[in-house]
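Enquirer: So that we are looking at the same thing, I have put the structure below in structure tokens.
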Amino acid sequence: QVQLVESGGGLVQPGGSLRLSCAASGSIFSINVMGWYRQAPGKQRELVATFISGGSTVYADSVKGRFTISRNNAKNTVYLQMNSLKPEDTAVYYCNAIRYSTDYWGKGTLVTVSS
């Protein structure tokens, strides 16, 4: 089993920045995909950014140039730096990890972008 705990959400004004963190624990060896998804009210969950096998990154077109995913392997933590935030970035952000083809999810952290 893998446990994922997100932190760092909150209320921010348009144009502002936030950094989300996702700490992984448990059976973390052989996790080969780890990243972030989001779900806005009334919408489906969508990919934001993720590390894939080999360490490459994938970003949604809507966040390219504004969001950056990074990780600290020593802390088993993945980060999402979000800059130039827009109201349409408002959503619950979920951490995701895939290990041996099994998806694991955190409980989510709410990001609200509003003036």
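Residues in the structure tokens are numbered from 1 in each chain, the chains being A, B, ... in the order shown, and ligands are numbered from 1 in the order shown.
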Give me the residues near stretch 16-27 of chain A as a PyMOL selection string, where near means some atom within 9 Å (using only C-alpha atoms) and where sequence neighbours in that chain fewer than 5 positions away do not count.

Expert: chain A and resi 1-10+35-36+75-86+93-97+99+106+109+111+113

Enquirer: Just to confirm, what's the straight-line distance from atom CA of A:Asn32 to atom CA of A:Ser53 in Å (one decimal)?

Expert: 5.3 Å

Enquirer: Could you tell me, as a ChimeraX atom specification, which residues of chain A DSSP assigns to strand (DSSP E or B) when given the backbone?

Expert: /A:2-7,10-12,18-26,31-39,46-51,57-59,67-72,77-82,91-99,102-105,109-113

Enquirer: Residues of chain A in helix (DSSP H, G or I) according to DSSP, as a list in words?

Expert: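 Of chain A, only Ser53, Gly54, Gly55, Asp61, Ser62, Val63, Asn73, Ala74, Lys75, Pro87, Glu88 and Asp89 of chain A fall in helix (DSSP H, G or I).
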
Enquirer: Would you list the contacts of A:Arg45 as a list in words, taking every protein, DNA or RNA residue within 10 Å and counting only C-alpha atoms, but skipping same-chain residues closer than 3 positions in sequence?

Expert: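 Final neighbour list, sorted by chain and number: Tyr37, Arg38, Gln39, Ala40, Pro41, Gly42, Val48, Ala91, Val92, Tyr93 and Tyr94 of chain A.
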
Enquirer: Write the residues of the preceding selection, restricted to N, CA and C atoms, as a PDB file, in the first residue's frame.

Expert:
ATOM      1  N   TYR A  37      -3.300  15.603 -10.318  1.00  0.00           N
ATOM      2  CA  TYR A  37      -4.536  15.770 -11.061  1.00  0.00           C
ATOM      3  C   TYR A  37      -5.368  16.833 -10.350  1.00  0.00           C
ATOM      4  N   ARG A  38      -6.403  17.305 -11.016  1.00  0.00           N
ATOM      5  CA  ARG A  38      -7.320  18.240 -10.374  1.00  0.00           C
ATOM      6  C   ARG A  38      -8.745  17.989 -10.846  1.00  0.00           C
ATOM      7  N   GLN A  39      -9.680  18.402  -9.997  1.00  0.00           N
ATOM      8  CA  GLN A  39     -11.091  18.272 -10.346  1.00  0.00           C
ATOM      9  C   GLN A  39     -11.813  19.531  -9.913  1.00  0.00           C
ATOM     10  N   ALA A  40     -12.328  20.243 -10.894  1.00  0.00           N
ATOM     11  CA  ALA A  40     -13.109  21.449 -10.640  1.00  0.00           C
ATOM     12  C   ALA A  40     -14.575  21.063 -10.445  1.00  0.00           C
ATOM     13  N   PRO A  41     -15.349  21.913  -9.782  1.00  0.00           N
ATOM     14  CA  PRO A  41     -16.762  21.586  -9.555  1.00  0.00           C
ATOM     15  C   PRO A  41     -17.491  21.305 -10.864  1.00  0.00           C
ATOM     16  N   GLY A  42     -18.193  20.190 -10.913  1.00  0.00           N
ATOM     17  CA  GLY A  42     -18.963  19.835 -12.091  1.00  0.00           C
ATOM     18  C   GLY A  42     -18.158  19.316 -13.260  1.00  0.00           C
ATOM     19  N   VAL A  48      -2.828  17.248 -14.417  1.00  0.00           N
ATOM     20  CA  VAL A  48      -2.173  18.557 -14.372  1.00  0.00           C
ATOM     21  C   VAL A  48      -0.710  18.397 -14.789  1.00  0.00           C
ATOM     22  N   ALA A  91      -9.775  24.319  -8.087  1.00  0.00           N
ATOM     23  CA  ALA A  91     -10.107  22.899  -8.114  1.00  0.00           C
ATOM     24  C   ALA A  91      -9.567  22.230  -6.853  1.00  0.00           C
ATOM     25  N   VAL A  92      -9.987  21.009  -6.652  1.00  0.00           N
ATOM     26  CA  VAL A  92      -9.322  20.148  -5.670  1.00  0.00           C
ATOM     27  C   VAL A  92      -8.186  19.443  -6.407  1.00  0.00           C
ATOM     28  N   TYR A  93      -7.003  19.558  -5.863  1.00  0.00           N
ATOM     29  CA  TYR A  93      -5.814  18.966  -6.476  1.00  0.00           C
ATOM     30  C   TYR A  93      -5.471  17.674  -5.744  1.00  0.00           C
ATOM     31  N   TYR A  94      -5.325  16.615  -6.528  1.00  0.00           N
ATOM     32  CA  TYR A  94      -5.061  15.282  -5.991  1.00  0.00           C
ATOM     33  C   TYR A  94      -3.683  14.790  -6.410  1.00  0.00           C
TER      34      TYR A  94
END
